[in-house]
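S.K.: Just dropping this structure here.
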Amino acid sequence: MIISYFPKYVAVLVLLVLSVSALDTFIAAVYEHAVILPNRTETPVSKEETLLLMNKNIDVLEKAIKLAARKKELDLNSLQERLSCLAKNNTIYVVANIGDKKPCNASDPQCPPDGRYQYNTDVVFDSEGRLVARYHKYNLFAPEIQFDFPKDPEFVTFNTPFGKFGIFTCFDIFSHEPAVVVVEEFQVDSIVYPTAWYNTLPLLSAVPFHSAWARAMGVNLLAANTHNTSMHMTGSGIYSPDAVKVYHYDMETESGQLMLSELKSWPRRETISPAAVDWSAYARAVKPFSSEQLNFPGMIYFDEFTFTELKRNAGNYTVCQKDLCCHLTYRMSEKRTDEVYALGAFDGLHTVEGQYYLQVETLKLVRICTLLKCQTTELRTCGEPVGSVFTKFEEFSLSGTFGTSYVFPQILLSGSQLASETHYKVGGLALFFSQPLDFNMITSQLLDYVAILLFWVLKASSLDTFIAAVYEHAVIFPNVTLTPVSHEEALDLMNQNLDLLEGAITLAAKQGAHIIVTPEDGIYSFAFSRESIYPYLEDIPDPQVNWIPCNNPNRFGRTPVQERLSCLAKSNSIYVVANIGDKKPCSASDPQCPPDGRYQYNTNVVFDSEGRLVARYHKQNLFLTESHFNAPKEPEVVTFNTTFGKFGIFTCFDILFHDPAVTLVKDFHVDTILFPTAWMNVLPHLSAIEFHSAWAVGMGVNFLAANLHYPIKKMTGSGIYAPDSPKAFHYDMKTEEGKLLLSHLDAHPHPRAAVNWTSYASGIEAPSVGNREFNSTVFFDEYTFLELKGVTGNYTICTLLKCKTMDLHTCGDSVETASTRFEMFSLSGTFGTQYVFPEVLLSEVQLAPGQFQVSSDGRLFSPKPLSGPVLTVTLFGRLYEKDPVPNASSDFTVQALRVMLIVITSIVYLLS
């Protein structure tokens, strides 16, 4: 932030110091400089006068540089020649902020009238005095009318023996570009950050926000602020992802301050890294706390918050604004009558100077949950700056329904001091609290503004709904051969399938789809040997490498399929989910390494709308015919966050097992499951659309299932399923074409009320049926059946289904058509498990959206006559705890199938 009355050739001078001698660690220094200001004037001064002023500032900075250099570090500041010499003479990196000028002419339509561009510019000189980096500030603060911003954001990095560095300036930290891009796409270890930061309490003081940003983004941040107390400019620091190393906040004196600290050169390599935080999971699961008083409005720096007052010593409060709800649980040591605290929520467009919006590329949404002290006991002062307080908090827990991964937690104590990391914790479910073991420590301090869970949605607003697409693909098969083809022949076949997938992806994107799922085996088909599949495989890296194959295709060897999928996602601005093959070398030191020296995995990949690889999943539960693939040693639980919800992913046969399918929903709280599959329909209970829609209902999530289309093998049946009803589905055994489906879904579907799947049935006395029971087989499982003799009745049976013929021995055989219509039915069972999947399938293998319900006591019933004849009505229960533990000498897949359980059920029905 450069003050507008500065002459054009004067810039704020700041200093950062880094070490060149260490590798695993280095010593960093920042200098908070009390800049010598020119006389205020709008008339340009001479170059000589300008140089004189700048040299006065460099004289001050030179002393700090030499002091830091004696401790073997690195530094930052002004005129290029003198800065270069300071760096070289002191064997130190110097980072400084100066002004750059570039001539332009009338051929450039954006050229200013004076024929030159003027940039707020950071420069970096290495320890030999070499200029190694130059960055032009992209996000100018409102008063910076003397500078131009570059036409495109610059992503500037430089490598050192002690890590990879990125650089940007002051106001840039609020925007996605360059700040987030430099960290996430360019994978820097440290950020050097010259700033002239105007502290704005309660939420935007330099030290708490900068330290929160470092923690949330997982990098070192070296922030050097200008020291000018009359402008509220102070607050510099050296911050690592796990701790505040050193900071300085001083509104009492006019002196500069040099700070030094040792940092890890590559913090991303740490084996112990902070667990991923789902910043909405906890808050979404909390029922809003009731409150006896009304909310009231208040302003924080031009933004209108919704507040509620904390009336008691301890309590639970919820305050909501638009789509954001903030939940607070707290306990004070004493509720003082002379101090008022409030919980506030803001969900909207953040403004600066009353009119200047935080926006680059697209509109920026800000969501803020904050616990703060009001300036006086009058509620209208809530949100105004406060310097000191006396109320002590013994504990608190604050969370919010944010819908983004970019959340910056802050705690600010009385006197604008930071709270130690020992006083608070960020939980994996976005619960933010003081640790019980540290209550004595935190109560020894005065808790001031607790501005927690503050963030900017940096690229796009979070969405309440999104458009999902699935494509049922009629795969092109290779010629049948067990002899491996060449990589070129394999690629030719895969490109033929990708041509068809490209058409579906492009069409889906044109219709507004945010994400598209394509089938398992959809790029190379199936029926391979271990050797013949090999030419089709690529090395698929861990998504943590932050890779866009479309931009850098050869980073991990030859990866043409990943490159094309990445480009399809990027060029159509859509998430693309596909199934391909991964190969990983192994050696004899690994006792499980296959004889050919490699693992081969059935693999799902997800590329985001910028073409970035964001998810990779290796199929755990291989089907009987997948001998050409290996299962990973441990089940992989793969999730990724988007602006339209949290997603999990697994493949085909995985759906019948606890891991990873159930774990994703129950433990990782995903909103939507992505499900590439090559599903062979097995009636009466395991038809694709029948079971997949039932799983979505039973687990309470969105489910996007993309099946292969291959009627010869009974492969068809794709759909988009919500927890309450199928949104779109496709079943076609008559044609050979693929099919694209699209539908709107809730980004965060509301969980259904808990169902006790045994409650109703356990209270029913089974009617006597004499000796009319008989046995028959359903897909290798022997059932006990009872024929429905009357038009209406009450029976205790297994599953309600149509027999193939009048011969009772055909009950359980596959049937696709029926003529009998049911006016009502009610089906329940004594299951003894919470994992029950309700199925209703009509004649011609069609679903019955919205035509049946599940009650909390465990009944599957129809409130009105169904629209078509019934094939099956089933409650499909799974007792996962009875699955055998896999070992080296057993086939887990076959054994687990044998414990699939349909529990005895009770039915009441009425035929039309």
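For the structure tokens, the naming scheme is as follows: chains receive sequential letters (A, B, ...) according to their order of presentation, residues are indexed from 1 within each chain, and ligands are indexed from 1 in presentation order.
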Go through region 175-226 of chain A and flag each residue having an atom no more than 8 Å from region 243-264 of chain A; for those, report the closest pair of atoms plus their distance in Å to one decimal, using only C-alpha atoms, ordered by chain and rising number, as a tab-separated table.

M.R.:
residue	atom	partner	partner_atom	distance
A:Val207	CA	A:Tyr247	CA	7.1
A:Ser211	CA	A:Val244	CA	6.5
A:Arg215	CA	A:Ala243	CA	7.6
A:Asn220	CA	A:Leu263	CA	7.7

S.K.: Can you tell me which residues surround region 770-779 of chain A at a distance of at most 7 Å, considering only C-alpha atoms, apart from same-chain residues fewer than 3 positions away, and format the answer as a PyMOL selection string?

M.R.: chain A and resi 782-786+809+811-813

S.K.: Selected residues, C-alpha atoms, written as a PDB file, in the first residue's frame, please.

M.R.:
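Saved to again.pdb:
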ATOM      1  CA  GLU A 782     -30.251 -69.719  -1.125  1.00  0.00           C
ATOM      2  CA  TYR A 783     -33.331 -67.785  -0.026  1.00  0.00           C
ATOM      3  CA  THR A 784     -36.408 -68.794   1.910  1.00  0.00           C
ATOM      4  CA  PHE A 785     -39.484 -67.677  -0.043  1.00  0.00           C
ATOM      5  CA  LEU A 786     -43.207 -67.472   0.513  1.00  0.00           C
ATOM      6  CA  HIS A 809     -38.316 -72.790  -8.605  1.00  0.00           C
ATOM      7  CA  CYS A 811     -38.249 -67.346  -8.117  1.00  0.00           C
ATOM      8  CA  GLY A 812     -34.924 -65.490  -8.011  1.00  0.00           C
ATOM      9  CA  ASP A 813     -34.137 -65.850 -11.718  1.00  0.00           C
TER      10      ASP A 813
END

S.K.: Just want the 7 Å neighbourhood of Val219 (chain A), counted on only C-alpha atoms, with same-chain residues fewer than 3 positions away dropped. Output as a ChimeraX atom specification.

M.R.: /A:189-190,214-215,240-241,267

S.K.: With all heavy atoms kept, could you save the residues just selected as a short mmCIF file (atom, residue, chain, number, x, y, z; two decimals), in the first residue's frame?

M.R.:
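The new file again.cif reads:
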data_model
loop_
_atom_site.label_atom_id
_atom_site.label_comp_id
_atom_site.auth_asym_id
_atom_site.auth_seq_id
_atom_site.Cartn_x
_atom_site.Cartn_y
_atom_site.Cartn_z
N ASP A 189 8.44 -22.88 -1.24
CA ASP A 189 8.60 -23.21 0.18
C ASP A 189 8.41 -21.99 1.08
O ASP A 189 7.94 -22.11 2.20
CB ASP A 189 9.99 -23.78 0.42
CG ASP A 189 10.28 -25.00 -0.44
OD1 ASP A 189 9.57 -26.00 -0.28
OD2 ASP A 189 11.19 -24.93 -1.28
N SER A 190 8.81 -20.83 0.57
CA SER A 190 8.76 -19.60 1.35
C SER A 190 8.29 -18.45 0.48
O SER A 190 8.55 -18.43 -0.73
CB SER A 190 10.15 -19.26 1.92
OG SER A 190 10.65 -20.31 2.73
N ALA A 214 0.15 -17.80 6.53
CA ALA A 214 1.25 -18.75 6.46
C ALA A 214 0.80 -20.12 6.92
O ALA A 214 1.12 -21.15 6.29
CB ALA A 214 2.43 -18.27 7.29
N ARG A 215 0.06 -20.14 8.00
CA ARG A 215 -0.40 -21.43 8.53
C ARG A 215 -1.36 -22.11 7.56
O ARG A 215 -1.24 -23.30 7.28
CB ARG A 215 -1.08 -21.21 9.88
CG ARG A 215 -1.66 -22.49 10.46
CD ARG A 215 -2.15 -22.30 11.87
NE ARG A 215 -2.55 -23.57 12.44
CZ ARG A 215 -2.64 -23.82 13.74
NH1 ARG A 215 -2.34 -22.87 14.60
NH2 ARG A 215 -3.03 -24.99 14.18
N SER A 240 6.23 -19.52 10.12
CA SER A 240 6.29 -20.82 9.48
C SER A 240 4.89 -21.42 9.49
O SER A 240 3.99 -20.89 10.14
CB SER A 240 7.27 -21.74 10.21
OG SER A 240 6.72 -22.16 11.44
N PRO A 241 4.67 -22.54 8.78
CA PRO A 241 3.32 -23.12 8.76
C PRO A 241 2.84 -23.59 10.14
O PRO A 241 1.64 -23.65 10.38
CB PRO A 241 3.46 -24.31 7.81
CG PRO A 241 4.65 -24.00 6.96
CD PRO A 241 5.58 -23.24 7.85
N PRO A 267 9.58 -26.73 4.17
CA PRO A 267 8.56 -27.15 5.14
C PRO A 267 7.58 -28.17 4.58
O PRO A 267 7.00 -28.95 5.34
CB PRO A 267 7.84 -25.83 5.47
CG PRO A 267 8.15 -24.91 4.34
CD PRO A 267 9.52 -25.29 3.87
#

S.K.: Per residue of region 820-847 of chain A within 10 Å of region 879-885 of chain A, note the shortest atom pair and the distance in Å to one decimal, counting only C-alpha atoms, and order the rows by chain and increasing residue number, as JSON lines.

M.R.:
{"residue": "A:Phe831", "atom": "CA", "partner": "A:Leu879", "partner_atom": "CA", "distance": 8.7}
{"residue": "A:Gly832", "atom": "CA", "partner": "A:Leu879", "partner_atom": "CA", "distance": 8.2}
{"residue": "A:Thr833", "atom": "CA", "partner": "A:Leu879", "partner_atom": "CA", "distance": 6.3}
{"residue": "A:Gln834", "atom": "CA", "partner": "A:Leu879", "partner_atom": "CA", "distance": 8.7}
{"residue": "A:Tyr835", "atom": "CA", "partner": "A:Leu879", "partner_atom": "CA", "distance": 7.3}
{"residue": "A:Val836", "atom": "CA", "partner": "A:Leu879", "partner_atom": "CA", "distance": 9.1}

S.K.: Which residues come within 12 Å of Cys593 (chain A), counting only C-alpha atoms, excluding same-chain residues fewer than 5 positions away, as number ranges by chain?

M.R.: A: 584-588, 598-600, 630-633

S.K.: Please produce a file of the residues just selected, as a short mmCIF file (atom, residue, chain, number, x, y, z; two decimals), in the first residue's frame, where the atoms kept are N, CA, C and O atoms.

M.R.:
data_model
loop_
_atom_site.label_atom_id
_atom_site.label_comp_id
_atom_site.auth_asym_id
_atom_site.auth_seq_id
_atom_site.Cartn_x
_atom_site.Cartn_y
_atom_site.Cartn_z
N LYS A 584 3.65 -48.74 -11.24
CA LYS A 584 4.63 -48.31 -10.26
C LYS A 584 5.69 -49.40 -10.10
O LYS A 584 5.37 -50.55 -9.78
N PRO A 585 6.98 -49.06 -10.32
CA PRO A 585 8.03 -50.07 -10.18
C PRO A 585 8.22 -50.48 -8.72
O PRO A 585 7.97 -49.70 -7.80
N CYS A 586 8.67 -51.71 -8.51
CA CYS A 586 9.01 -52.18 -7.17
C CYS A 586 10.20 -53.12 -7.28
O CYS A 586 10.63 -53.48 -8.39
N SER A 587 10.75 -53.52 -6.16
CA SER A 587 11.97 -54.32 -6.17
C SER A 587 11.83 -55.51 -5.24
O SER A 587 10.86 -55.63 -4.49
N ALA A 588 12.84 -56.39 -5.27
CA ALA A 588 12.82 -57.60 -4.46
C ALA A 588 12.81 -57.31 -2.97
O ALA A 588 12.44 -58.17 -2.16
N ARG A 598 6.73 -54.76 -10.96
CA ARG A 598 5.89 -53.55 -11.01
C ARG A 598 4.51 -53.85 -10.44
O ARG A 598 4.01 -54.97 -10.51
N TYR A 599 3.91 -52.81 -9.86
CA TYR A 599 2.50 -52.85 -9.50
C TYR A 599 1.70 -52.23 -10.63
O TYR A 599 2.12 -51.23 -11.24
N GLN A 600 0.54 -52.78 -10.90
CA GLN A 600 -0.38 -52.24 -11.91
C GLN A 600 -1.74 -52.04 -11.22
O GLN A 600 -2.27 -52.96 -10.61
N ASN A 630 -3.22 -55.08 -9.55
CA ASN A 630 -2.94 -55.31 -8.14
C ASN A 630 -3.86 -54.44 -7.29
O ASN A 630 -4.26 -53.35 -7.71
N ALA A 631 -4.17 -54.92 -6.10
CA ALA A 631 -4.86 -54.07 -5.12
C ALA A 631 -3.81 -53.36 -4.27
O ALA A 631 -2.77 -53.94 -3.97
N PRO A 632 -4.03 -52.12 -3.89
CA PRO A 632 -3.07 -51.44 -3.00
C PRO A 632 -2.99 -52.17 -1.67
O PRO A 632 -3.92 -52.88 -1.27
N LYS A 633 -1.88 -51.99 -0.97
CA LYS A 633 -1.67 -52.70 0.29
C LYS A 633 -2.70 -52.30 1.34
O LYS A 633 -3.10 -53.10 2.18
#

S.K.: Given the choices A:Pro112, A:Pro591, A:Gly581, A:Pro194, which gets closest to Val94 (chain A) if the distance is worked out from only C-alpha atoms?

M.R.: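 Counting only C-alpha atoms, the residue closest to Val94 (chain A) is A:Pro194.
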
S.K.: Check the smallest atom-to-atom distance from each of A:Phe650, A:Tyr710, A:Tyr721, A:Phe390 to Thr735 (chain A) using only C-alpha atoms, then report the winner.

M.R.: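 That would be A:Tyr710, the residue with the smallest distance to Thr735 (chain A).
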
S.K.: Check region 638-752 of chain A with DSSP on the backbone and list each residue it calls alpha helix (DSSP H), as a VMD selection string.

M.R.: chain A and resid 663 to 666 688 to 699

S.K.: For Ala504 (chain A), find every residue with an atom within 12 Å (counting only C-alpha atoms), except residues of its own chain fewer than 5 positions away, and show them as a list in words.

M.R.: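 Non-adjacent residues within range: Ala469, Val470, Tyr471, Glu472, His473, Ala474, Asn497, Leu498, Asp499, Ala509, Lys510, Gln511, Ala513, Ile515, Ile516, Val517, Thr518, Leu568, Ala569, Asn572, Ile574, Val576, Gly738, Lys739, Leu740, Leu741 and Leu742 of chain A.
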
S.K.: Residues of region 184-302 of chain A classed as strand (DSSP E or B) by DSSP on the backbone are to be reported as a PyMOL selection string.

M.R.: chain A and resi 190-195+198+200+204+220-226+228+233+236-239+244-248+257-264+296-300

S.K.: What's the 9 Å shell around Ser333 (chain A), counting only C-alpha atoms, without same-chain residues fewer than 2 positions away, as a list in words?

M.R.: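 Surrounding residues, per the criterion: Asn313, Ala314, Arg331, Lys335, Thr391, Lys392, Phe393, Glu394 and Thr443 of chain A.
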
S.K.: Just to be explicit: take each residue in the selection above, keep N, CA, C and O atoms, and write the result as an mmCIF file, in the first residue's frame.

M.R.:
data_model
loop_
_atom_site.group_PDB
_atom_site.id
_atom_site.type_symbol
_atom_site.label_atom_id
_atom_site.label_comp_id
_atom_site.auth_asym_id
_atom_site.auth_seq_id
_atom_site.Cartn_x
_atom_site.Cartn_y
_atom_site.Cartn_z
ATOM 1 N N ASN A 313 -22.067 -16.075 31.129
ATOM 2 C CA ASN A 313 -20.680 -16.489 31.362
ATOM 3 C C ASN A 313 -20.256 -17.590 30.401
ATOM 4 O O ASN A 313 -19.102 -17.669 29.994
ATOM 5 N N ALA A 314 -21.188 -18.468 30.081
ATOM 6 C CA ALA A 314 -20.911 -19.597 29.189
ATOM 7 C C ALA A 314 -22.163 -19.860 28.377
ATOM 8 O O ALA A 314 -23.280 -19.508 28.784
ATOM 9 N N ARG A 331 -16.741 -20.407 27.369
ATOM 10 C CA ARG A 331 -16.870 -20.199 28.808
ATOM 11 C C ARG A 331 -15.910 -19.090 29.223
ATOM 12 O O ARG A 331 -14.710 -19.173 28.947
ATOM 13 N N LYS A 335 -18.260 -12.958 33.685
ATOM 14 C CA LYS A 335 -18.986 -12.069 32.770
ATOM 15 C C LYS A 335 -19.001 -10.668 33.361
ATOM 16 O O LYS A 335 -19.701 -10.366 34.330
ATOM 17 N N THR A 391 -11.763 -9.016 30.007
ATOM 18 C CA THR A 391 -12.465 -10.298 30.092
ATOM 19 C C THR A 391 -11.540 -11.446 29.691
ATOM 20 O O THR A 391 -10.822 -11.355 28.685
ATOM 21 N N LYS A 392 -11.589 -12.531 30.488
ATOM 22 C CA LYS A 392 -10.788 -13.718 30.188
ATOM 23 C C LYS A 392 -11.701 -14.862 29.755
ATOM 24 O O LYS A 392 -12.741 -15.093 30.359
ATOM 25 N N PHE A 393 -11.284 -15.557 28.704
ATOM 26 C CA PHE A 393 -12.006 -16.741 28.235
ATOM 27 C C PHE A 393 -11.247 -17.991 28.691
ATOM 28 O O PHE A 393 -10.043 -18.096 28.477
ATOM 29 N N GLU A 394 -11.976 -18.927 29.269
ATOM 30 C CA GLU A 394 -11.356 -20.184 29.660
ATOM 31 C C GLU A 394 -11.333 -21.175 28.491
ATOM 32 O O GLU A 394 -10.450 -22.019 28.402
ATOM 33 N N THR A 443 -5.882 -18.379 30.503
ATOM 34 C CA THR A 443 -6.556 -17.480 31.434
ATOM 35 C C THR A 443 -5.580 -16.529 32.092
ATOM 36 O O THR A 443 -5.996 -15.600 32.777
#

S.K.: Within 8 Å of Gln620 (chain A), counting only C-alpha atoms, which residues qualify if same-chain residues fewer than 4 places away don't, as a ChimeraX atom specification?

M.R.: /A:631-632,634-636,654,660

S.K.: How many Å lie between CA of Thr830 (chain A) and CA of Tyr760 (chain A), rounded to one decimal?

M.R.: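 Separation between CA of Thr830 (chain A) and CA of Tyr760 (chain A): 8.2 Å.
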
S.K.: Which one of A:His327, A:Lys619, A:Arg555, A:Lys322 sits closest to Leu371 (chain A) if you count only C-alpha atoms?

M.R.: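 Looking only at the distances to Leu371 (chain A), the closest residue turns out to be A:His327.
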